[in-house]
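These notes are about the structure you will find just below.
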Amino acid sequence: YLLANTTLARVQIAGLLGTLLYESGGALNPAQVQFGCDVPPGPCGVGIAQWTDPGSRFSGLVALANSKHVAWRTLDVQLQYVWQELTHTSSFGLTALKACTSGRCATRVVETKYERPANQSTNCSDPNASYCRRLADANEIFAVYGTPKSGYWMLGADGKVYAFGDASSSGSAAACAAAIAARTDGRGYWVVDRAGKVSHF
């Protein structure tokens with residue numbers, strides 16, 4: 001979504017997502033509610049950016065969701081709202097984020113200008129500082145999705161996997177192989193045979 005609908009570079013998106021992953025419990029969960037909090041009455045942090053409900057930023061998310069005729073807990077609408085906030089409120093740091101060429105910079109900008117947690121320390125030994133966990137997620141995202149890849153696999157009737165372009169062969173299957181499917185993280189593939197047995201590579 002962010003690649004298709006924003007002007008951010010991949011490393012900047014990784015920094016943004018690393019922080020949003022941290023905020024939403026590590027799963028980019030649009031229904032995440034701050035630990036131990038009841039909505040209503042709140043105030044509680046909710047969604048991928050932990051917008052405060054009730055609050056003006058959360059009200060903006062609800063208004064956008066209503067205009068799209070979807071629930072505010074919809075991931076696409078929350079990602080769109082993050083971008084809307086970044087592009088409409090200069091203090092949220094879009095200019096600084098777009099100047100970043102590293103995950104460390106992007107993560108720091110999103111943490112300090114967009115999320116603004118109480119503890120903004122970069123000291124990884126501080127148990128209340130979240131920067132290092134945000135950065136670790138950003139680095140992992142960038143490692144998997146940071147470099148555009150082009151390539152593909154073809155599966156022969158004999159079970160042999162042929163790799164083209166940037167794709168690499170990790171092994172072949174039995175002679176009765178019927179289909180191949182790439183893993184969503186780009187780290188290998190599955191091959192299914194005519195009996196339904198799945199082999200992973």
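Chain labels A, B, ... are given in the sequence in which chains occur in the structure tokens; within each chain residues are numbered consecutively from 1, and ligands are likewise numbered from 1 in the order shown.
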
Contacts of region 11-54 of chain A with region 90-113 of chain A up to 7 Å, shortest pair per row, only C-alpha atoms, as a tab-separated table:
```
residue	atom	partner	partner_atom	distance
A:Val11	CA	A:Gly103	CA	5.6
A:Gln12	CA	A:Ala106	CA	5.3
A:Ala14	CA	A:Gly103	CA	6.7
A:Gly15	CA	A:Thr107	CA	4.2
A:Leu16	CA	A:Val110	CA	6.0
A:Gly18	CA	A:Thr107	CA	6.9
A:Thr19	CA	A:Thr107	CA	6.5
```

*For Gly159 (chain A), list every protein, DNA or RNA residue within 6 Å, evaluated using only C-alpha atoms, and leave out those in the same chain fewer than 6 positions away; present the list as a list in words.*
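With the cut-off at 6 Å, the set is Ser172, Ala173, Ala174, Ala175 and Ala177 of chain A.
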
Let's have the selection written as a CSV table (one decimal), in the first residue's frame, with all heavy atoms.
```
chain,number,residue,atom,x,y,z
A,172,SER,N,14.6,-29.0,-5.8
A,172,SER,CA,13.5,-29.6,-6.7
A,172,SER,C,12.7,-30.6,-6.0
A,172,SER,O,13.1,-31.1,-4.9
A,172,SER,CB,14.1,-30.2,-8.0
A,172,SER,OG,14.8,-29.1,-8.7
A,173,ALA,N,11.6,-30.9,-6.5
A,173,ALA,CA,10.6,-31.9,-5.9
A,173,ALA,C,10.5,-33.2,-6.7
A,173,ALA,O,11.3,-33.4,-7.6
A,173,ALA,CB,9.2,-31.2,-5.8
A,174,ALA,N,9.6,-34.0,-6.2
A,174,ALA,CA,9.4,-35.3,-6.8
A,174,ALA,C,8.8,-35.2,-8.3
A,174,ALA,O,8.3,-34.1,-8.6
A,174,ALA,CB,8.4,-36.1,-6.0
A,175,ALA,N,8.9,-36.2,-9.0
A,175,ALA,CA,8.5,-36.2,-10.4
A,175,ALA,C,7.1,-35.9,-10.7
A,175,ALA,O,6.7,-35.4,-11.7
A,175,ALA,CB,8.9,-37.5,-11.1
A,177,ALA,N,5.3,-33.5,-9.4
A,177,ALA,CA,5.0,-32.2,-9.0
A,177,ALA,C,3.9,-31.5,-9.9
A,177,ALA,O,4.0,-31.8,-11.1
A,177,ALA,CB,6.3,-31.3,-9.0
```

*Give the strand (DSSP E or B) residues of region 17-116 of chain A, as assigned by DSSP on the backbone, as a VMD selection string.*
chain A and resid 33 44 to 46 51 to 53

*So which bits of region 4-189 of chain A end up alpha helix (DSSP H) when you DSSP the backbone, as a ChimeraX atom specification?*
/A:4-5,10-23,56-68,75-88,94-98,103-109,131-145

*All residues 8 Å or closer to region 26-29 of chain A, only C-alpha atoms, same chain fewer than 5 positions away omitted, as a PyMOL selection string*: chain A and resi 20-21+47-48+75

Suppose we keep all heavy atoms; can you now write the selection as an mmCIF file, in the first residue's frame?
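The result, written out as again-v3.cif:
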```cif
data_model
loop_
_atom_site.group_PDB
_atom_site.id
_atom_site.type_symbol
_atom_site.label_atom_id
_atom_site.label_comp_id
_atom_site.auth_asym_id
_atom_site.auth_seq_id
_atom_site.Cartn_x
_atom_site.Cartn_y
_atom_site.Cartn_z
ATOM 1 N N LEU A 20 5.360 1.478 13.452
ATOM 2 C CA LEU A 20 3.953 1.080 13.544
ATOM 3 C C LEU A 20 3.809 -0.352 14.052
ATOM 4 O O LEU A 20 2.868 -0.658 14.795
ATOM 5 C CB LEU A 20 3.265 1.245 12.186
ATOM 6 C CG LEU A 20 3.162 2.690 11.674
ATOM 7 C CD1 LEU A 20 2.540 2.726 10.286
ATOM 8 C CD2 LEU A 20 2.388 3.577 12.643
ATOM 9 N N LEU A 21 4.739 -1.225 13.668
ATOM 10 C CA LEU A 21 4.721 -2.591 14.196
ATOM 11 C C LEU A 21 4.871 -2.579 15.716
ATOM 12 O O LEU A 21 4.149 -3.280 16.428
ATOM 13 C CB LEU A 21 5.845 -3.423 13.580
ATOM 14 C CG LEU A 21 5.571 -4.086 12.247
ATOM 15 C CD1 LEU A 21 6.847 -4.665 11.670
ATOM 16 C CD2 LEU A 21 4.514 -5.165 12.381
ATOM 17 N N GLY A 47 -5.292 1.119 17.380
ATOM 18 C CA GLY A 47 -4.868 1.023 15.995
ATOM 19 C C GLY A 47 -3.367 0.916 15.837
ATOM 20 O O GLY A 47 -2.615 0.800 16.799
ATOM 21 N N ILE A 48 -2.907 0.955 14.575
ATOM 22 C CA ILE A 48 -1.493 0.741 14.273
ATOM 23 C C ILE A 48 -0.602 1.873 14.764
ATOM 24 O O ILE A 48 0.590 1.669 14.967
ATOM 25 C CB ILE A 48 -1.263 0.492 12.764
ATOM 26 C CG1 ILE A 48 -1.695 1.686 11.921
ATOM 27 C CG2 ILE A 48 -1.938 -0.800 12.318
ATOM 28 C CD1 ILE A 48 -1.334 1.576 10.445
ATOM 29 N N LEU A 75 -7.170 -2.017 8.076
ATOM 30 C CA LEU A 75 -5.750 -1.691 7.923
ATOM 31 C C LEU A 75 -5.512 -0.679 6.808
ATOM 32 O O LEU A 75 -4.767 0.288 6.992
ATOM 33 C CB LEU A 75 -4.930 -2.961 7.667
ATOM 34 C CG LEU A 75 -3.420 -2.742 7.509
ATOM 35 C CD1 LEU A 75 -2.816 -2.073 8.732
ATOM 36 C CD2 LEU A 75 -2.725 -4.065 7.215
#
```

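Counting only C-alpha atoms, the residue from A:Val46, A:Pro148, A:Gly165, A:Ser59 that sits nearest to Ala9 (chain A) is A:Pro148.
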